[in-house]
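Engineer: Take this structure first; my questions come after.
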Amino acid sequence: MGSVNASSRPVAQLTSLPRSVQVLVAGGGPVGLAAAVELGRRGVSCLVIEPREEVSHARPRCKTVNVRTMEHLRRWGIADRFRAAAPLPVSWSKDIVFCTSLAGYELSRFTGVLGLALEGDRFPETGQQAPQYVLEELLRDVVTELPGCTLATGLRVTAVEQDPDAVRVTVQDRAGGQARVEAEYLLGCDGPRSAVRDQIGARYVGEHALRPNFGMVFSAPGLWPQVKHGPAVQFWIVNDRTPALMGPMDRNDTWWIITLGVPPELGRRTGMSLIEGAAGVPVDARILSDDPWTARMQLADRLRSGRVFLAGDAAHLNPPFGGHGLNTGIGDAVDLGWKLAAVLQGWGGPQLLASYEAERRPVQDRVIREASENMKTLSTDLTAASLDDDTEAGRQARRAADRRIQQDKAAEFHALDLVLDLCYDSSPLVVPAALHPGARPGARLPHVWLGPGRSVYDSLGPGLTLLVLDAPTGSWEPLVHAASKVGVPLDVLDLRPRDLRPRYGAGLVLVRPDQHVAWCADAPPADPAAIIDRVRGAGPNRFIL
Ligand SMILES: Cc1cc2nc3c(=O)[nH]c(=O)nc-3n(C[C@H](O)[C@H](O)[C@H](O)COP(=O)(O)OP(=O)(O)OC[C@H]3O[C@@H](n4cnc5c(N)ncnc54)[C@H](O)[C@@H]3O)c2cc1C
């Protein structure tokens, strides 16, 4: 096997660790790093403990960074840095092609997939295809740049104890040396084999798929000229020899491939033959790395114990089809990040942290269900006799395949409702309201452009923001006063001159730090303190854990 690049950071010394920190994050994968960014930007001190000194390029895994994650990167001011680091620009392709091989017949095509095409006002950032390591490397840099955040590599979390006042975390180096760090909160972002999950006595519940899959990264100069279908972000290969999906990693002849139903030993023995089966022609390829995996549909039986929370793969695992695992984990990190910061800064109420599980568990559950649906029709299920024949039977088989692919796979590649329309409508923090077309309590604030390149999201404050669409001047002052009385940061964004009331369906919209709507109405509330208390988790406590 050839080599793959990796960027590295020096191993941290146990003696250099702080004795105490506000939040300790176990795991510096994408989700732990995202949590540290959300917290660090809010002025919370954070220590990320991560065993891996380097971000490996051997297992690129996530390629689909979705629109919602891009919106968070924009909020953090790093969307452009991420796009600049991504090896393939969005303009490169927005297509997914189903074919009998790279050199064979095209069976079906989807365009504008995976949020890669802008849709008017619906969102300010398209998705971005990029290997997972590109995002991880950027987030490592950003965490390191944030004052108050430390990324300590070469160390792992091995034990957790807590009492009502603090969590004491045992951190171990490779030589077996140990240090104790005290934190106000601990986030278990330590992936599928989470030590933190074990330490709090939580466990995954769910299923494991039986089919083994074998991923590879390979370099194949000279392959592109053989590809009959033009650029695409994914090619789904439908043939008996190598049912697979594959795509370019960059513009320099590096490819990823996932072969379906191939156990690791077979994959390692026949890797070159699998690649040629997918290409449909002899390929001069060099395999750089491999990555066997099986799909899992699992959710931790609880996401919290006292001062300890689980997020990302430590909390949930879904089949990768549709590209939701990492993106869902980033959503967890954002939800938890602003709430922990609010509590640490004194304005979060006693039920704010309990709302993490109430809000995120239904989302995680839905993602697992929809990603499992996506797994029901794969290349292995689409192979058929004559598909590659230049005969009338072949043409008929290809037309039938096209119909089935369009019917069964469209939802997977056009899944913006799952990505953008998630609604925390059963959350104890949101104030239910009659359904308006437009802003809806619990849902992401509908997006609008306020000017060329200027998203409404760019004008939201770091705390709560009150959007004024249509209300008499000053009528919202009691709400502002109620917020300031309990230390809640609240910005007012007066959009009355822009005539956006029809878009939002309300005169006033109160938005949370994560861009979700907390409350909306046509008139100022009769009891503004009750609204503010509800949103900050200090209202009547239906959801105490
Ligand atoms: C083939 C494939 C393709 C995928 N494609 C996509 C996609 O397109 N889009 C998408 O959204 N998702 C995708 N995913 C899922 C995505 O890779 C994961 O959801 C993502 O890596 C989860 O991030 P995480 O930070 O929660 O966990 P991880 O990435 O597993 O990171 C956990 C970190 O914790 C560290 N750690 C482990 N033990 C300890 C310990 N004891 N103490 C401290 N740290 C510890 C690990 O070293 C690691 O860095 C794909 C997955 C697969 C298998």
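By order in the structure tokens, chains are A, B, ...; within a chain, residues start at 1; ligands start at 1, following the order shown.
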For the helix (DSSP H, G or I) assignment from backbone DSSP, which residues of segment 159-313 of chain A qualify? Please present them as a PDB file with N, CA and C atoms, in the first residue's frame.

Structural biologist:
ATOM      1  N   ALA A 195     -15.321   5.935  25.732  1.00  0.00           N
ATOM      2  CA  ALA A 195     -15.019   5.602  27.130  1.00  0.00           C
ATOM      3  C   ALA A 195     -15.971   6.350  28.054  1.00  0.00           C
ATOM      4  N   VAL A 196     -16.343   7.562  27.649  1.00  0.00           N
ATOM      5  CA  VAL A 196     -17.235   8.368  28.495  1.00  0.00           C
ATOM      6  C   VAL A 196     -18.614   7.698  28.589  1.00  0.00           C
ATOM      7  N   ARG A 197     -19.081   7.177  27.457  1.00  0.00           N
ATOM      8  CA  ARG A 197     -20.381   6.488  27.488  1.00  0.00           C
ATOM      9  C   ARG A 197     -20.331   5.323  28.474  1.00  0.00           C
ATOM     10  N   ASP A 198     -19.247   4.549  28.435  1.00  0.00           N
ATOM     11  CA  ASP A 198     -19.112   3.428  29.382  1.00  0.00           C
ATOM     12  C   ASP A 198     -19.064   3.936  30.812  1.00  0.00           C
ATOM     13  N   GLN A 199     -18.319   5.011  31.015  1.00  0.00           N
ATOM     14  CA  GLN A 199     -18.121   5.516  32.380  1.00  0.00           C
ATOM     15  C   GLN A 199     -19.426   5.992  33.013  1.00  0.00           C
ATOM     16  N   TRP A 224      -9.343   9.321 -15.353  1.00  0.00           N
ATOM     17  CA  TRP A 224     -10.361  10.282 -15.809  1.00  0.00           C
ATOM     18  C   TRP A 224     -10.680  10.191 -17.309  1.00  0.00           C
ATOM     19  N   PRO A 225      -9.669  10.090 -18.147  1.00  0.00           N
ATOM     20  CA  PRO A 225     -10.001  10.010 -19.582  1.00  0.00           C
ATOM     21  C   PRO A 225     -10.878   8.806 -19.935  1.00  0.00           C
ATOM     22  N   GLN A 226     -10.912   7.803 -19.045  1.00  0.00           N
ATOM     23  CA  GLN A 226     -11.731   6.609 -19.322  1.00  0.00           C
ATOM     24  C   GLN A 226     -13.173   6.785 -18.839  1.00  0.00           C
ATOM     25  N   PRO A 264     -13.267  -7.730   4.855  1.00  0.00           N
ATOM     26  CA  PRO A 264     -11.919  -7.137   4.806  1.00  0.00           C
ATOM     27  C   PRO A 264     -10.859  -8.017   4.145  1.00  0.00           C
ATOM     28  N   GLU A 265     -10.848  -9.331   4.467  1.00  0.00           N
ATOM     29  CA  GLU A 265      -9.784 -10.190   3.895  1.00  0.00           C
ATOM     30  C   GLU A 265      -9.888 -10.211   2.370  1.00  0.00           C
ATOM     31  N   LEU A 266     -11.133 -10.362   1.890  1.00  0.00           N
ATOM     32  CA  LEU A 266     -11.338 -10.404   0.451  1.00  0.00           C
ATOM     33  C   LEU A 266     -10.943  -9.066  -0.183  1.00  0.00           C
ATOM     34  N   GLY A 267     -11.335  -7.989   0.471  1.00  0.00           N
ATOM     35  CA  GLY A 267     -11.015  -6.661  -0.043  1.00  0.00           C
ATOM     36  C   GLY A 267      -9.514  -6.468  -0.157  1.00  0.00           C
ATOM     37  N   ARG A 268      -8.787  -6.903   0.867  1.00  0.00           N
ATOM     38  CA  ARG A 268      -7.329  -6.699   0.856  1.00  0.00           C
ATOM     39  C   ARG A 268      -6.672  -7.574  -0.200  1.00  0.00           C
ATOM     40  N   ARG A 269      -7.239  -8.763  -0.396  1.00  0.00           N
ATOM     41  CA  ARG A 269      -6.659  -9.675  -1.383  1.00  0.00           C
ATOM     42  C   ARG A 269      -6.954  -9.236  -2.817  1.00  0.00           C
ATOM     43  N   THR A 270      -8.137  -8.645  -3.027  1.00  0.00           N
ATOM     44  CA  THR A 270      -8.578  -8.427  -4.421  1.00  0.00           C
ATOM     45  C   THR A 270      -8.822  -6.946  -4.726  1.00  0.00           C
ATOM     46  N   GLY A 271      -8.219  -6.071  -3.935  1.00  0.00           N
ATOM     47  CA  GLY A 271      -8.491  -4.635  -4.073  1.00  0.00           C
ATOM     48  C   GLY A 271      -8.353  -4.111  -5.496  1.00  0.00           C
ATOM     49  N   MET A 272      -7.271  -4.487  -6.169  1.00  0.00           N
ATOM     50  CA  MET A 272      -7.038  -3.980  -7.533  1.00  0.00           C
ATOM     51  C   MET A 272      -8.124  -4.463  -8.489  1.00  0.00           C
ATOM     52  N   SER A 273      -8.517  -5.724  -8.300  1.00  0.00           N
ATOM     53  CA  SER A 273      -9.540  -6.278  -9.182  1.00  0.00           C
ATOM     54  C   SER A 273     -10.884  -5.580  -8.943  1.00  0.00           C
ATOM     55  N   LEU A 274     -11.163  -5.244  -7.685  1.00  0.00           N
ATOM     56  CA  LEU A 274     -12.409  -4.520  -7.376  1.00  0.00           C
ATOM     57  C   LEU A 274     -12.414  -3.157  -8.073  1.00  0.00           C
ATOM     58  N   ILE A 275     -11.280  -2.486  -8.016  1.00  0.00           N
ATOM     59  CA  ILE A 275     -11.195  -1.153  -8.650  1.00  0.00           C
ATOM     60  C   ILE A 275     -11.424  -1.287 -10.160  1.00  0.00           C
ATOM     61  N   GLU A 276     -10.818  -2.293 -10.754  1.00  0.00           N
ATOM     62  CA  GLU A 276     -10.998  -2.475 -12.202  1.00  0.00           C
ATOM     63  C   GLU A 276     -12.432  -2.848 -12.538  1.00  0.00           C
ATOM     64  N   GLY A 277     -13.069  -3.613 -11.654  1.00  0.00           N
ATOM     65  CA  GLY A 277     -14.473  -3.974 -11.870  1.00  0.00           C
ATOM     66  C   GLY A 277     -15.359  -2.739 -11.879  1.00  0.00           C
ATOM     67  N   ALA A 278     -15.043  -1.784 -11.039  1.00  0.00           N
ATOM     68  CA  ALA A 278     -15.845  -0.556 -10.977  1.00  0.00           C
ATOM     69  C   ALA A 278     -15.515   0.360 -12.152  1.00  0.00           C
ATOM     70  N   ALA A 279     -14.252   0.371 -12.545  1.00  0.00           N
ATOM     71  CA  ALA A 279     -13.842   1.238 -13.658  1.00  0.00           C
ATOM     72  C   ALA A 279     -14.338   0.670 -14.992  1.00  0.00           C
ATOM     73  N   GLY A 312     -22.417  13.343  19.072  1.00  0.00           N
ATOM     74  CA  GLY A 312     -21.784  12.747  17.888  1.00  0.00           C
ATOM     75  C   GLY A 312     -21.897  11.234  17.910  1.00  0.00           C
ATOM     76  N   ASP A 313     -20.896  10.585  17.288  1.00  0.00           N
ATOM     77  CA  ASP A 313     -20.954   9.120  17.173  1.00  0.00           C
ATOM     78  C   ASP A 313     -20.962   8.438  18.539  1.00  0.00           C
TER      79      ASP A 313
END

Engineer: How close does each residue of segment 60-174 of chain A get to segment 242-256 of chain A, giving the shortest atom pair and distance in Å to one decimal for every residue with an atom at most 8 Å away, counting only C-alpha atoms, sorted by chain and residue number, as CSV?

Structural biologist:
residue,atom,partner,partner_atom,distance
A:Pro87,CA,A:Asp250,CA,4.9
A:Leu88,CA,A:Asp250,CA,5.6
A:Ala130,CA,A:Met249,CA,7.4
A:Pro131,CA,A:Met249,CA,6.9

Engineer: Would you pick out the contacts of Gly346 of chain A at 10 Å or less, using only C-alpha atoms, so that residues sharing its chain but fewer than 4 positions from it are not included, and give the list as an MDAnalysis selection string?

Structural biologist: chainID A and resid 340:342 486:488

Engineer: Quick one: everything within 7 Å of Phe309 of chain A, counting only C-alpha atoms, minus sequence neighbours fewer than 6 positions away in the same chain. Send it as a VMD selection string.

Structural biologist: chain A and resid 186 to 188 303

Engineer: Output the selection as a PDB file, in the first residue's frame - C-alpha atoms for each residue.

Structural biologist:
ATOM      1  CA  LEU A 186     -17.599  16.890  30.423  1.00  0.00           C
ATOM      2  CA  LEU A 187     -18.590  16.203  26.819  1.00  0.00           C
ATOM      3  CA  GLY A 188     -18.150  12.659  25.569  1.00  0.00           C
ATOM      4  CA  LEU A 303     -27.364  11.334  26.379  1.00  0.00           C
TER       5      LEU A 303
END

Engineer: Of the residues A:Arg193, A:Arg75, A:Arg83, A:Arg9, which is the one nearest to ligand 1, using only C-alpha atoms and all ligand atoms?

Structural biologist: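 Ranked by minimum distance to ligand 1, first place goes to A:Arg193.
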